[in-house]
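Text of the file query17.txt, holding compact mmCIF, N, CA and C atoms:
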# COMPACT_ATOMS: atom_id res chain seq x y z
N MET A 1 125.11 58.05 140.00
CA MET A 1 125.61 58.95 138.98
C MET A 1 125.79 60.32 139.62
N SER A 2 126.94 60.90 139.45
CA SER A 2 127.22 62.21 140.04
C SER A 2 127.38 63.27 138.96
N LEU A 3 126.62 63.15 137.89
CA LEU A 3 126.72 64.06 136.76
C LEU A 3 126.07 65.40 137.07
N LYS A 4 126.84 66.48 136.94
CA LYS A 4 126.31 67.85 136.97
C LYS A 4 126.38 68.30 135.52
N ALA A 5 125.28 68.16 134.79
CA ALA A 5 125.30 68.16 133.34
C ALA A 5 125.40 69.52 132.67
N PHE A 6 124.87 70.59 133.23
CA PHE A 6 124.74 71.80 132.45
C PHE A 6 125.28 73.05 133.10
N ASN A 7 125.72 73.95 132.29
CA ASN A 7 125.86 75.34 132.67
C ASN A 7 124.89 76.09 131.78
N TYR A 8 124.14 76.95 132.34
CA TYR A 8 123.05 77.58 131.61
C TYR A 8 123.58 78.63 130.64
N GLY A 9 123.21 78.47 129.38
CA GLY A 9 123.53 79.46 128.39
C GLY A 9 124.52 79.04 127.33
N ALA A 10 125.24 77.97 127.50
CA ALA A 10 126.26 77.61 126.52
C ALA A 10 126.25 76.11 126.23
N ASN A 11 125.11 75.62 125.79
CA ASN A 11 124.97 74.19 125.50
C ASN A 11 124.69 74.00 124.01
N ALA A 12 125.60 73.32 123.34
CA ALA A 12 125.44 73.04 121.91
C ALA A 12 124.53 71.84 121.75
N VAL A 13 123.50 71.99 120.92
CA VAL A 13 122.57 70.90 120.60
C VAL A 13 122.73 70.63 119.11
N CYS A 14 123.19 69.42 118.75
CA CYS A 14 123.55 69.13 117.37
C CYS A 14 123.14 67.71 116.98
N LEU A 15 122.78 67.55 115.71
CA LEU A 15 122.40 66.23 115.23
C LEU A 15 122.59 66.14 113.73
N VAL A 16 122.61 64.89 113.27
CA VAL A 16 122.57 64.60 111.84
C VAL A 16 121.20 64.02 111.56
N LYS A 17 120.52 64.61 110.56
CA LYS A 17 119.20 64.10 110.17
C LYS A 17 119.07 64.22 108.67
N ASN A 18 118.64 63.14 108.04
CA ASN A 18 118.52 63.10 106.58
C ASN A 18 119.84 63.52 105.91
N ASN A 19 120.94 63.03 106.46
CA ASN A 19 122.29 63.30 105.94
C ASN A 19 122.68 64.77 105.97
N TYR A 20 122.07 65.56 106.85
CA TYR A 20 122.37 66.98 106.98
C TYR A 20 122.69 67.28 108.43
N LYS A 21 123.66 68.16 108.66
CA LYS A 21 124.06 68.50 110.02
C LYS A 21 123.32 69.76 110.50
N TYR A 22 122.77 69.68 111.71
CA TYR A 22 122.06 70.80 112.32
C TYR A 22 122.70 71.10 113.68
N GLY A 23 122.77 72.39 114.02
CA GLY A 23 123.35 72.77 115.30
C GLY A 23 122.83 74.10 115.79
N MET A 24 122.75 74.24 117.10
CA MET A 24 122.26 75.46 117.73
C MET A 24 122.80 75.54 119.16
N ILE A 25 122.61 76.69 119.77
CA ILE A 25 122.91 76.87 121.19
C ILE A 25 121.58 76.91 121.94
N CYS A 26 121.49 76.14 123.00
CA CYS A 26 120.30 76.11 123.84
C CYS A 26 120.67 76.69 125.19
N SER A 27 120.05 77.81 125.54
CA SER A 27 120.38 78.44 126.82
C SER A 27 119.49 77.93 127.95
N TRP A 28 118.39 77.25 127.62
CA TRP A 28 117.53 76.72 128.68
C TRP A 28 117.60 75.21 128.61
N ALA A 29 118.48 74.66 129.42
CA ALA A 29 118.70 73.22 129.48
C ALA A 29 118.90 72.84 130.94
N MET A 30 118.32 71.72 131.31
CA MET A 30 118.51 71.29 132.69
C MET A 30 118.43 69.78 132.83
N GLN A 31 119.13 69.28 133.81
CA GLN A 31 119.07 67.87 134.17
C GLN A 31 117.94 67.72 135.18
N VAL A 32 116.96 66.86 134.86
CA VAL A 32 115.79 66.72 135.73
C VAL A 32 115.78 65.41 136.51
N ASP A 33 116.69 64.53 136.21
CA ASP A 33 116.84 63.27 136.93
C ASP A 33 118.27 62.80 136.66
N TYR A 34 118.65 61.70 137.23
CA TYR A 34 120.02 61.23 137.04
C TYR A 34 120.35 60.99 135.57
N ASP A 35 119.34 60.59 134.80
CA ASP A 35 119.59 60.26 133.40
C ASP A 35 118.59 60.91 132.44
N LYS A 36 118.03 62.04 132.84
CA LYS A 36 117.03 62.72 132.02
C LYS A 36 117.30 64.22 131.96
N ILE A 37 117.00 64.81 130.80
CA ILE A 37 117.19 66.25 130.61
C ILE A 37 115.94 66.87 129.99
N LEU A 38 115.86 68.19 130.10
CA LEU A 38 114.86 69.00 129.40
C LEU A 38 115.59 70.12 128.67
N LEU A 39 115.13 70.40 127.46
CA LEU A 39 115.65 71.50 126.66
C LEU A 39 114.45 72.29 126.15
N LEU A 40 114.47 73.59 126.29
CA LEU A 40 113.42 74.42 125.71
C LEU A 40 113.98 75.04 124.44
N ILE A 41 113.35 74.72 123.31
CA ILE A 41 113.83 75.13 122.01
C ILE A 41 112.81 76.10 121.39
N GLY A 42 113.26 77.27 121.02
CA GLY A 42 112.39 78.27 120.41
C GLY A 42 111.94 77.87 119.01
N SER A 43 110.77 78.32 118.64
CA SER A 43 110.17 77.95 117.34
C SER A 43 110.96 78.48 116.15
N GLN A 44 111.78 79.52 116.34
CA GLN A 44 112.56 80.09 115.25
C GLN A 44 113.73 79.23 114.84
N SER A 45 114.09 78.24 115.65
CA SER A 45 115.27 77.42 115.40
C SER A 45 114.98 76.33 114.37
N ILE A 46 115.72 76.35 113.27
CA ILE A 46 115.61 75.29 112.26
C ILE A 46 116.05 73.96 112.87
N THR A 47 117.12 73.97 113.64
CA THR A 47 117.57 72.76 114.31
C THR A 47 116.46 72.21 115.20
N GLY A 48 115.86 73.08 116.00
CA GLY A 48 114.77 72.66 116.89
C GLY A 48 113.59 72.10 116.13
N GLN A 49 113.29 72.68 114.97
CA GLN A 49 112.18 72.20 114.16
C GLN A 49 112.43 70.77 113.67
N MET A 50 113.69 70.40 113.52
CA MET A 50 114.04 69.07 113.02
C MET A 50 113.97 67.99 114.09
N ILE A 51 114.05 68.36 115.37
CA ILE A 51 114.11 67.38 116.46
C ILE A 51 112.74 66.78 116.71
N GLU A 52 112.69 65.43 116.69
CA GLU A 52 111.45 64.70 116.92
C GLU A 52 111.69 63.56 117.91
N LYS A 53 110.60 63.06 118.47
CA LYS A 53 110.65 61.90 119.37
C LYS A 53 111.37 60.75 118.66
N GLY A 54 112.30 60.13 119.37
CA GLY A 54 113.07 59.02 118.84
C GLY A 54 114.42 59.42 118.26
N ASP A 55 114.63 60.71 118.02
CA ASP A 55 115.91 61.17 117.48
C ASP A 55 117.04 61.01 118.50
N ILE A 56 118.24 60.88 117.99
CA ILE A 56 119.45 60.90 118.81
C ILE A 56 120.12 62.24 118.56
N ILE A 57 120.37 62.99 119.63
CA ILE A 57 121.00 64.31 119.51
C ILE A 57 122.23 64.37 120.41
N GLY A 58 123.13 65.26 120.05
CA GLY A 58 124.29 65.52 120.90
C GLY A 58 124.08 66.81 121.66
N VAL A 59 124.41 66.78 122.94
CA VAL A 59 124.38 67.99 123.77
C VAL A 59 125.76 68.13 124.39
N SER A 60 126.40 69.27 124.11
CA SER A 60 127.74 69.53 124.62
C SER A 60 127.72 70.81 125.44
N ALA A 61 128.04 70.70 126.73
CA ALA A 61 128.19 71.89 127.58
C ALA A 61 129.57 72.47 127.25
N LEU A 62 129.58 73.62 126.60
CA LEU A 62 130.84 74.19 126.12
C LEU A 62 131.76 74.57 127.28
N SER A 63 133.05 74.55 126.98
CA SER A 63 134.05 74.89 128.00
C SER A 63 134.61 76.29 127.75
N LYS A 64 135.28 76.83 128.76
CA LYS A 64 135.92 78.14 128.61
C LYS A 64 136.84 78.10 127.40
N GLY A 65 136.84 79.18 126.66
CA GLY A 65 137.66 79.26 125.46
C GLY A 65 136.91 78.83 124.20
N GLN A 66 135.66 78.37 124.34
CA GLN A 66 134.89 77.95 123.18
C GLN A 66 133.85 79.00 122.78
N ASP A 67 134.15 80.26 123.05
CA ASP A 67 133.25 81.36 122.68
C ASP A 67 132.99 81.38 121.17
N ASP A 68 134.00 81.01 120.39
CA ASP A 68 133.81 81.00 118.94
C ASP A 68 132.74 79.99 118.53
N ILE A 69 132.68 78.86 119.19
CA ILE A 69 131.66 77.85 118.91
C ILE A 69 130.29 78.37 119.32
N LEU A 70 130.24 79.03 120.45
CA LEU A 70 129.00 79.66 120.91
C LEU A 70 128.47 80.61 119.84
N ASN A 71 129.35 81.43 119.29
CA ASN A 71 128.95 82.40 118.27
C ASN A 71 128.56 81.74 116.95
N ILE A 72 129.32 80.74 116.52
CA ILE A 72 129.02 80.06 115.26
C ILE A 72 127.67 79.36 115.33
N LEU A 73 127.43 78.59 116.39
CA LEU A 73 126.19 77.84 116.50
C LEU A 73 125.01 78.72 116.89
N GLY A 74 125.29 79.88 117.47
CA GLY A 74 124.22 80.76 117.93
C GLY A 74 123.73 81.75 116.89
N GLU A 75 124.41 81.84 115.76
CA GLU A 75 124.03 82.80 114.73
C GLU A 75 123.63 82.09 113.45
N GLY A 76 122.64 82.60 112.77
CA GLY A 76 122.22 82.04 111.49
C GLY A 76 121.45 80.74 111.65
N HIS A 77 121.04 80.18 110.52
CA HIS A 77 120.27 78.94 110.51
C HIS A 77 121.01 77.85 109.77
N SER A 78 120.92 76.63 110.28
CA SER A 78 121.65 75.49 109.73
C SER A 78 121.27 75.17 108.29
N ASN A 79 120.08 75.57 107.85
CA ASN A 79 119.69 75.29 106.47
C ASN A 79 120.19 76.36 105.49
N VAL A 80 120.84 77.41 106.03
CA VAL A 80 121.35 78.49 105.19
C VAL A 80 122.88 78.47 105.12
N ILE A 81 123.52 78.19 106.25
CA ILE A 81 124.99 78.17 106.31
C ILE A 81 125.47 76.85 106.89
N ASP A 82 126.71 76.47 106.55
CA ASP A 82 127.33 75.28 107.12
C ASP A 82 128.00 75.68 108.43
N LYS A 83 127.30 75.51 109.52
CA LYS A 83 127.83 75.89 110.83
C LYS A 83 129.01 75.02 111.25
N PHE A 84 129.17 73.87 110.63
CA PHE A 84 130.19 72.93 111.08
C PHE A 84 131.50 73.02 110.30
N ALA A 85 131.56 73.87 109.29
CA ALA A 85 132.75 73.99 108.45
C ALA A 85 134.00 74.34 109.26
N LYS A 86 133.84 75.14 110.31
CA LYS A 86 134.99 75.59 111.10
C LYS A 86 135.00 75.03 112.51
N LEU A 87 134.17 74.02 112.78
CA LEU A 87 134.09 73.46 114.13
C LEU A 87 134.88 72.17 114.26
N ASP A 88 135.40 71.93 115.46
CA ASP A 88 136.08 70.69 115.80
C ASP A 88 135.06 69.81 116.51
N TYR A 89 134.55 68.79 115.80
CA TYR A 89 133.47 67.97 116.33
C TYR A 89 133.66 66.52 115.91
N PHE A 90 132.85 65.64 116.49
CA PHE A 90 132.80 64.24 116.06
C PHE A 90 131.36 63.78 116.10
N ILE A 91 131.07 62.74 115.36
CA ILE A 91 129.71 62.20 115.28
C ILE A 91 129.70 60.81 115.90
N ASP A 92 128.73 60.56 116.76
CA ASP A 92 128.56 59.26 117.41
C ASP A 92 127.07 58.94 117.42
N SER A 93 126.67 57.91 116.71
CA SER A 93 125.27 57.44 116.67
C SER A 93 124.31 58.51 116.15
N GLY A 94 124.77 59.39 115.28
CA GLY A 94 123.94 60.46 114.76
C GLY A 94 123.99 61.73 115.57
N ALA A 95 124.59 61.65 116.75
CA ALA A 95 124.76 62.83 117.61
C ALA A 95 126.06 63.52 117.25
N ILE A 96 126.00 64.84 117.06
CA ILE A 96 127.21 65.61 116.82
C ILE A 96 127.65 66.18 118.16
N LEU A 97 128.89 65.91 118.52
CA LEU A 97 129.45 66.35 119.80
C LEU A 97 130.67 67.23 119.56
N ILE A 98 130.82 68.25 120.37
CA ILE A 98 131.90 69.22 120.22
C ILE A 98 133.13 68.73 120.99
N ASN A 99 134.26 68.63 120.29
CA ASN A 99 135.51 68.24 120.94
C ASN A 99 135.90 69.29 121.99
N ASN A 100 136.47 68.84 123.08
CA ASN A 100 136.97 69.67 124.17
C ASN A 100 135.87 70.44 124.92
N ALA A 101 134.62 70.03 124.79
CA ALA A 101 133.54 70.60 125.61
C ALA A 101 133.70 70.06 127.03
N SER A 102 133.11 70.75 127.99
CA SER A 102 133.18 70.29 129.38
C SER A 102 132.50 68.94 129.55
N ILE A 103 131.34 68.79 128.90
CA ILE A 103 130.57 67.55 128.98
C ILE A 103 129.98 67.28 127.60
N ASN A 104 130.05 66.03 127.17
CA ASN A 104 129.40 65.58 125.95
C ASN A 104 128.38 64.52 126.32
N MET A 105 127.16 64.67 125.80
CA MET A 105 126.09 63.71 126.09
C MET A 105 125.42 63.27 124.80
N ILE A 106 125.13 61.99 124.72
CA ILE A 106 124.30 61.46 123.65
C ILE A 106 122.91 61.27 124.25
N ILE A 107 121.92 61.92 123.63
CA ILE A 107 120.57 61.98 124.18
C ILE A 107 119.60 61.32 123.21
N GLU A 108 118.73 60.47 123.74
CA GLU A 108 117.61 59.96 122.96
C GLU A 108 116.39 60.80 123.32
N VAL A 109 115.77 61.41 122.32
CA VAL A 109 114.58 62.23 122.56
C VAL A 109 113.41 61.29 122.84
N THR A 110 112.88 61.36 124.07
CA THR A 110 111.79 60.47 124.46
C THR A 110 110.42 61.12 124.33
N ASP A 111 110.39 62.46 124.30
CA ASP A 111 109.12 63.15 124.09
C ASP A 111 109.39 64.59 123.66
N VAL A 112 108.44 65.14 122.92
CA VAL A 112 108.47 66.54 122.52
C VAL A 112 107.14 67.13 122.94
N LEU A 113 107.19 68.07 123.88
CA LEU A 113 105.97 68.64 124.45
C LEU A 113 105.76 70.07 123.97
N HIS A 114 104.51 70.46 123.91
CA HIS A 114 104.13 71.84 123.58
C HIS A 114 103.26 72.33 124.73
N LEU A 115 103.76 73.26 125.51
CA LEU A 115 103.08 73.71 126.72
C LEU A 115 102.13 74.87 126.44
N PRO A 116 101.04 74.95 127.21
CA PRO A 116 100.11 76.07 127.04
C PRO A 116 100.83 77.41 127.20
N GLY A 117 100.55 78.33 126.30
CA GLY A 117 101.17 79.64 126.34
C GLY A 117 102.44 79.74 125.51
N ILE A 118 103.09 78.59 125.27
CA ILE A 118 104.29 78.57 124.42
C ILE A 118 104.20 77.38 123.45
N GLU A 119 103.02 77.18 122.90
CA GLU A 119 102.77 76.02 122.04
C GLU A 119 103.70 75.93 120.86
N GLU A 120 104.16 77.09 120.36
CA GLU A 120 105.02 77.07 119.19
C GLU A 120 106.43 76.58 119.52
N ASP A 121 106.85 76.69 120.77
CA ASP A 121 108.16 76.21 121.19
C ASP A 121 108.08 74.73 121.54
N LYS A 122 109.26 74.09 121.64
CA LYS A 122 109.32 72.66 121.97
C LYS A 122 110.03 72.48 123.30
N LEU A 123 109.44 71.68 124.15
CA LEU A 123 110.11 71.23 125.36
C LEU A 123 110.54 69.80 125.09
N ILE A 124 111.84 69.63 124.92
CA ILE A 124 112.41 68.33 124.57
C ILE A 124 112.75 67.58 125.86
N TYR A 125 112.22 66.37 125.98
CA TYR A 125 112.51 65.50 127.12
C TYR A 125 113.39 64.39 126.59
N GLY A 126 114.55 64.20 127.22
CA GLY A 126 115.49 63.23 126.69
C GLY A 126 116.15 62.36 127.73
N PHE A 127 116.54 61.18 127.29
CA PHE A 127 117.24 60.20 128.10
C PHE A 127 118.73 60.27 127.77
N ILE A 128 119.57 60.39 128.79
CA ILE A 128 121.02 60.43 128.61
C ILE A 128 121.50 59.00 128.38
N LYS A 129 121.78 58.67 127.12
CA LYS A 129 122.25 57.33 126.77
C LYS A 129 123.69 57.11 127.22
N SER A 130 124.49 58.17 127.06
CA SER A 130 125.88 58.11 127.50
C SER A 130 126.39 59.53 127.67
N TYR A 131 127.47 59.66 128.42
CA TYR A 131 128.07 60.98 128.61
C TYR A 131 129.55 60.82 128.93
N LYS A 132 130.27 61.91 128.69
CA LYS A 132 131.68 61.96 129.06
C LYS A 132 131.94 63.32 129.68
N VAL A 133 132.48 63.31 130.88
CA VAL A 133 132.86 64.54 131.57
C VAL A 133 134.35 64.75 131.31
N ASN A 134 134.67 65.89 130.73
CA ASN A 134 136.07 66.24 130.45
C ASN A 134 136.56 67.19 131.56
N ASN A 135 137.85 67.33 131.67
CA ASN A 135 138.43 68.17 132.73
C ASN A 135 138.64 69.61 132.27
N PHE A 136 137.60 70.20 131.70
CA PHE A 136 137.66 71.58 131.24
C PHE A 136 136.57 72.37 131.97
N PRO A 137 136.89 73.54 132.51
CA PRO A 137 135.85 74.35 133.17
C PRO A 137 134.81 74.82 132.16
N MET A 138 133.57 74.91 132.63
CA MET A 138 132.47 75.31 131.75
C MET A 138 132.54 76.78 131.36
N LEU A 139 132.12 77.03 130.13
CA LEU A 139 131.99 78.40 129.64
C LEU A 139 130.78 79.03 130.30
N THR A 140 130.98 80.20 130.86
CA THR A 140 129.89 80.97 131.46
C THR A 140 129.79 82.28 130.70
N PRO A 141 128.93 82.29 129.66
CA PRO A 141 128.84 83.50 128.84
C PRO A 141 128.16 84.63 129.58
N ASP A 142 128.48 85.85 129.18
CA ASP A 142 127.82 87.02 129.73
C ASP A 142 126.48 87.16 129.03
N LEU A 143 125.42 86.80 129.74
CA LEU A 143 124.08 86.86 129.13
C LEU A 143 123.35 88.09 129.60

So, in terms of structure tokens, how does the structure I just supplied come out?
Amino acid sequence: MSLKAFNYGANAVCLVKNNYKYGMICSWAMQVDYDKILLLIGSQSITGQMIEKGDIIGVSALSKGQDDILNILGEGHSNVIDKFAKLDYFIDSGAILINNASINMIIEVTDVLHLPGIEEDKLIYGFIKSYKVNNFPMLTPDL
């Protein structure tokens, strides 16, 4: 597998749970093996609070020109506003994936860890069930 999965700072993490759509931007995401990823999710995230072991989530590395998606998913909380009303997305196996992203991945959450010193945050460990690499350059936001 020659997957280079992430660009740091512009990764959409989205899922459907209990018939409700949740989405956020995760700036700390990395590929730790050929088919495994880690995501660090802050405790303030409603989307992150919903993610549990066994869930299927979508992770989309956004492409250049998707700054609007970065802003929509990065602002507000999914339980207050419909972040998906203006997004171009599709759902596969409960994972919400962003159309025209550089990379779309369907992830099975295999563990949720709470590390000493950041116990309130979640370190999500996931298995890449499937992925699609599109021919769009990755968005590199000014962080």

inquiry  = Neighbouring residues of Glu120 (chain A) were defined as those with any atom within 12 Å, considering only C-alpha atoms; residues of the same chain fewer than 3 positions away were excluded. Please report them as a list in words.
reply    =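 The residues that qualify are Leu40, Ile41, Gly42, Ser43, Gln44, Ser45, Gly48, Gln49, Val112, Leu113, His114, Leu115, Pro116, Gly117 and Leu123 of chain A.
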
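A straight line drawn from CA of Leu15 (chain A) to atom C of Gly94 (chain A) is 4.8 Å long.
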
Residue contacts of Ile91 (chain A) (8 Å, only N, CA and C atoms) excluding same-chain residues fewer than 6 positions away, as a PyMOL selection string = chain A and resi 16+97-98

task = Find the residues around region 73-87 of chain A up to 6.5 Å (only N, CA and C atoms counted), leave out those fewer than 3 positions away in its own chain, and share them as a list in words.
result = Lys21, Tyr22, Gly23, Met24, Ile25, Ile46, Thr47, Asp68, Ile69 and Leu70 of chain A

task = Apply DSSP to the backbone of this structure and, from region 28-126 of chain A, keep only the residues in strand (DSSP E or B); write these as a PyMOL selection string.
result = chain A and resi 29-33+36-41+56-61+63+89-92+95-98+103-113+122-126

Residues of the last selection are to be written out with N, CA and C atoms, as a compact mmCIF listing (two decimals), keeping the file's coordinate frame.
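The result, written out as out_15.txt:
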# COMPACT_ATOMS: atom_id res chain seq x y z
N ALA A 29 118.48 74.66 129.42
CA ALA A 29 118.70 73.22 129.48
C ALA A 29 118.90 72.84 130.94
N MET A 30 118.32 71.72 131.31
CA MET A 30 118.51 71.29 132.69
C MET A 30 118.43 69.78 132.83
N GLN A 31 119.13 69.28 133.81
CA GLN A 31 119.07 67.87 134.17
C GLN A 31 117.94 67.72 135.18
N VAL A 32 116.96 66.86 134.86
CA VAL A 32 115.79 66.72 135.73
C VAL A 32 115.78 65.41 136.51
N ASP A 33 116.69 64.53 136.21
CA ASP A 33 116.84 63.27 136.93
C ASP A 33 118.27 62.80 136.66
N LYS A 36 118.03 62.04 132.84
CA LYS A 36 117.03 62.72 132.02
C LYS A 36 117.30 64.22 131.96
N ILE A 37 117.00 64.81 130.80
CA ILE A 37 117.19 66.25 130.61
C ILE A 37 115.94 66.87 129.99
N LEU A 38 115.86 68.19 130.10
CA LEU A 38 114.86 69.00 129.40
C LEU A 38 115.59 70.12 128.67
N LEU A 39 115.13 70.40 127.46
CA LEU A 39 115.65 71.50 126.66
C LEU A 39 114.45 72.29 126.15
N LEU A 40 114.47 73.59 126.29
CA LEU A 40 113.42 74.42 125.71
C LEU A 40 113.98 75.04 124.44
N ILE A 41 113.35 74.72 123.31
CA ILE A 41 113.83 75.13 122.01
C ILE A 41 112.81 76.10 121.39
N ILE A 56 118.24 60.88 117.99
CA ILE A 56 119.45 60.90 118.81
C ILE A 56 120.12 62.24 118.56
N ILE A 57 120.37 62.99 119.63
CA ILE A 57 121.00 64.31 119.51
C ILE A 57 122.23 64.37 120.41
N GLY A 58 123.13 65.26 120.05
CA GLY A 58 124.29 65.52 120.90
C GLY A 58 124.08 66.81 121.66
N VAL A 59 124.41 66.78 122.94
CA VAL A 59 124.38 67.99 123.77
C VAL A 59 125.76 68.13 124.39
N SER A 60 126.40 69.27 124.11
CA SER A 60 127.74 69.53 124.62
C SER A 60 127.72 70.81 125.44
N ALA A 61 128.04 70.70 126.73
CA ALA A 61 128.19 71.89 127.58
C ALA A 61 129.57 72.47 127.25
N SER A 63 133.05 74.55 126.98
CA SER A 63 134.05 74.89 128.00
C SER A 63 134.61 76.29 127.75
N TYR A 89 134.55 68.79 115.80
CA TYR A 89 133.47 67.97 116.33
C TYR A 89 133.66 66.52 115.91
N PHE A 90 132.85 65.64 116.49
CA PHE A 90 132.80 64.24 116.06
C PHE A 90 131.36 63.78 116.10
N ILE A 91 131.07 62.74 115.36
CA ILE A 91 129.71 62.20 115.28
C ILE A 91 129.70 60.81 115.90
N ASP A 92 128.73 60.56 116.76
CA ASP A 92 128.56 59.26 117.41
C ASP A 92 127.07 58.94 117.42
N ALA A 95 124.59 61.65 116.75
CA ALA A 95 124.76 62.83 117.61
C ALA A 95 126.06 63.52 117.25
N ILE A 96 126.00 64.84 117.06
CA ILE A 96 127.21 65.61 116.82
C ILE A 96 127.65 66.18 118.16
N LEU A 97 128.89 65.91 118.52
CA LEU A 97 129.45 66.35 119.80
C LEU A 97 130.67 67.23 119.56
N ILE A 98 130.82 68.25 120.37
CA ILE A 98 131.90 69.22 120.22
C ILE A 98 133.13 68.73 120.99
N ILE A 103 131.34 68.79 128.90
CA ILE A 103 130.57 67.55 128.98
C ILE A 103 129.98 67.28 127.60
N ASN A 104 130.05 66.03 127.17
CA ASN A 104 129.40 65.58 125.95
C ASN A 104 128.38 64.52 126.32
N MET A 105 127.16 64.67 125.80
CA MET A 105 126.09 63.71 126.09
C MET A 105 125.42 63.27 124.80
N ILE A 106 125.13 61.99 124.72
CA ILE A 106 124.30 61.46 123.65
C ILE A 106 122.91 61.27 124.25
N ILE A 107 121.92 61.92 123.63
CA ILE A 107 120.57 61.98 124.18
C ILE A 107 119.60 61.32 123.21
N GLU A 108 118.73 60.47 123.74
CA GLU A 108 117.61 59.96 122.96
C GLU A 108 116.39 60.80 123.32
N VAL A 109 115.77 61.41 122.32
CA VAL A 109 114.58 62.23 122.56
C VAL A 109 113.41 61.29 122.84
N THR A 110 112.88 61.36 124.07
CA THR A 110 111.79 60.47 124.46
C THR A 110 110.42 61.12 124.33
N ASP A 111 110.39 62.46 124.30
CA ASP A 111 109.12 63.15 124.09
C ASP A 111 109.39 64.59 123.66
N VAL A 112 108.44 65.14 122.92
CA VAL A 112 108.47 66.54 122.52
C VAL A 112 107.14 67.13 122.94
N LEU A 113 107.19 68.07 123.88
CA LEU A 113 105.97 68.64 124.45
C LEU A 113 105.76 70.07 123.97
N LYS A 122 109.26 74.09 121.64
CA LYS A 122 109.32 72.66 121.97
C LYS A 122 110.03 72.48 123.30
N LEU A 123 109.44 71.68 124.15
CA LEU A 123 110.11 71.23 125.36
C LEU A 123 110.54 69.80 125.09
N ILE A 124 111.84 69.63 124.92
CA ILE A 124 112.41 68.33 124.57
C ILE A 124 112.75 67.58 125.86
N TYR A 125 112.22 66.37 125.98
CA TYR A 125 112.51 65.50 127.12
C TYR A 125 113.39 64.39 126.59
N GLY A 126 114.55 64.20 127.22
CA GLY A 126 115.49 63.23 126.69
C GLY A 126 116.15 62.36 127.73

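The gap separating CA of Met30 (chain A) from CA of Asp55 (chain A) is 18.5 Å, in Å to one decimal.
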
Counting only N, CA and C atoms, the residue of A:Tyr34, A:Asn135, A:Asn104, A:Ser27 that sits nearest Ser60 (chain A) =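 Closest to Ser60 (chain A), using only N, CA and C atoms: A:Asn104.
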
request  = Measuring atom to atom with all atoms listed in the file, identify which of A:Ile118, A:Met105, A:Met50, A:Met138 is nearest to Gly65 (chain A).
outcome  =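 For Gly65 (chain A), the nearest of the candidates is A:Met138.
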
message = Please return, as a ChimeraX atom specification, all residues of region 42-136 of chain A that DSSP assigns to alpha helix (DSSP H) on the basis of the backbone.
response = /A:46-50,67-74

Would you save the residues from that selection as a PDB file, in the coordinates of the input, using N, CA and C atoms?
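The resulting file, result-v4.pdb, is shown below:
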ATOM      1  N   ILE A  46     115.720  76.350 113.270  1.00  0.00           N
ATOM      2  CA  ILE A  46     115.610  75.290 112.260  1.00  0.00           C
ATOM      3  C   ILE A  46     116.050  73.960 112.870  1.00  0.00           C
ATOM      4  N   THR A  47     117.120  73.970 113.640  1.00  0.00           N
ATOM      5  CA  THR A  47     117.570  72.760 114.310  1.00  0.00           C
ATOM      6  C   THR A  47     116.460  72.210 115.200  1.00  0.00           C
ATOM      7  N   GLY A  48     115.860  73.080 116.000  1.00  0.00           N
ATOM      8  CA  GLY A  48     114.770  72.660 116.890  1.00  0.00           C
ATOM      9  C   GLY A  48     113.590  72.100 116.130  1.00  0.00           C
ATOM     10  N   GLN A  49     113.290  72.680 114.970  1.00  0.00           N
ATOM     11  CA  GLN A  49     112.180  72.200 114.160  1.00  0.00           C
ATOM     12  C   GLN A  49     112.430  70.770 113.670  1.00  0.00           C
ATOM     13  N   MET A  50     113.690  70.400 113.520  1.00  0.00           N
ATOM     14  CA  MET A  50     114.040  69.070 113.020  1.00  0.00           C
ATOM     15  C   MET A  50     113.970  67.990 114.090  1.00  0.00           C
ATOM     16  N   ASP A  67     134.150  80.260 123.050  1.00  0.00           N
ATOM     17  CA  ASP A  67     133.250  81.360 122.680  1.00  0.00           C
ATOM     18  C   ASP A  67     132.990  81.380 121.170  1.00  0.00           C
ATOM     19  N   ASP A  68     134.000  81.010 120.390  1.00  0.00           N
ATOM     20  CA  ASP A  68     133.810  81.000 118.940  1.00  0.00           C
ATOM     21  C   ASP A  68     132.740  79.990 118.530  1.00  0.00           C
ATOM     22  N   ILE A  69     132.680  78.860 119.190  1.00  0.00           N
ATOM     23  CA  ILE A  69     131.660  77.850 118.910  1.00  0.00           C
ATOM     24  C   ILE A  69     130.290  78.370 119.320  1.00  0.00           C
ATOM     25  N   LEU A  70     130.240  79.030 120.450  1.00  0.00           N
ATOM     26  CA  LEU A  70     129.000  79.660 120.910  1.00  0.00           C
ATOM     27  C   LEU A  70     128.470  80.610 119.840  1.00  0.00           C
ATOM     28  N   ASN A  71     129.350  81.430 119.290  1.00  0.00           N
ATOM     29  CA  ASN A  71     128.950  82.400 118.270  1.00  0.00           C
ATOM     30  C   ASN A  71     128.560  81.740 116.950  1.00  0.00           C
ATOM     31  N   ILE A  72     129.320  80.740 116.520  1.00  0.00           N
ATOM     32  CA  ILE A  72     129.020  80.060 115.260  1.00  0.00           C
ATOM     33  C   ILE A  72     127.670  79.360 115.330  1.00  0.00           C
ATOM     34  N   LEU A  73     127.430  78.590 116.390  1.00  0.00           N
ATOM     35  CA  LEU A  73     126.190  77.840 116.500  1.00  0.00           C
ATOM     36  C   LEU A  73     125.010  78.720 116.890  1.00  0.00           C
ATOM     37  N   GLY A  74     125.290  79.880 117.470  1.00  0.00           N
ATOM     38  CA  GLY A  74     124.220  80.760 117.930  1.00  0.00           C
ATOM     39  C   GLY A  74     123.730  81.750 116.890  1.00  0.00           C
TER      40      GLY A  74
END

message = As an exercise, work out the distance from atom N of Leu39 (chain A) to CA of Cys26 (chain A) in Å and give it to one decimal place.
response =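 Between atom N of Leu39 (chain A) and CA of Cys26 (chain A) the gap is 8.5 Å.
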
key: Nearest candidate to Cys14 (chain A) (options A:Asp67, A:Trp28, A:Asp92, A:Ile57; using all atoms listed in the file)   =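 The shortest atom-to-atom distance to Cys14 (chain A) comes from A:Ile57.
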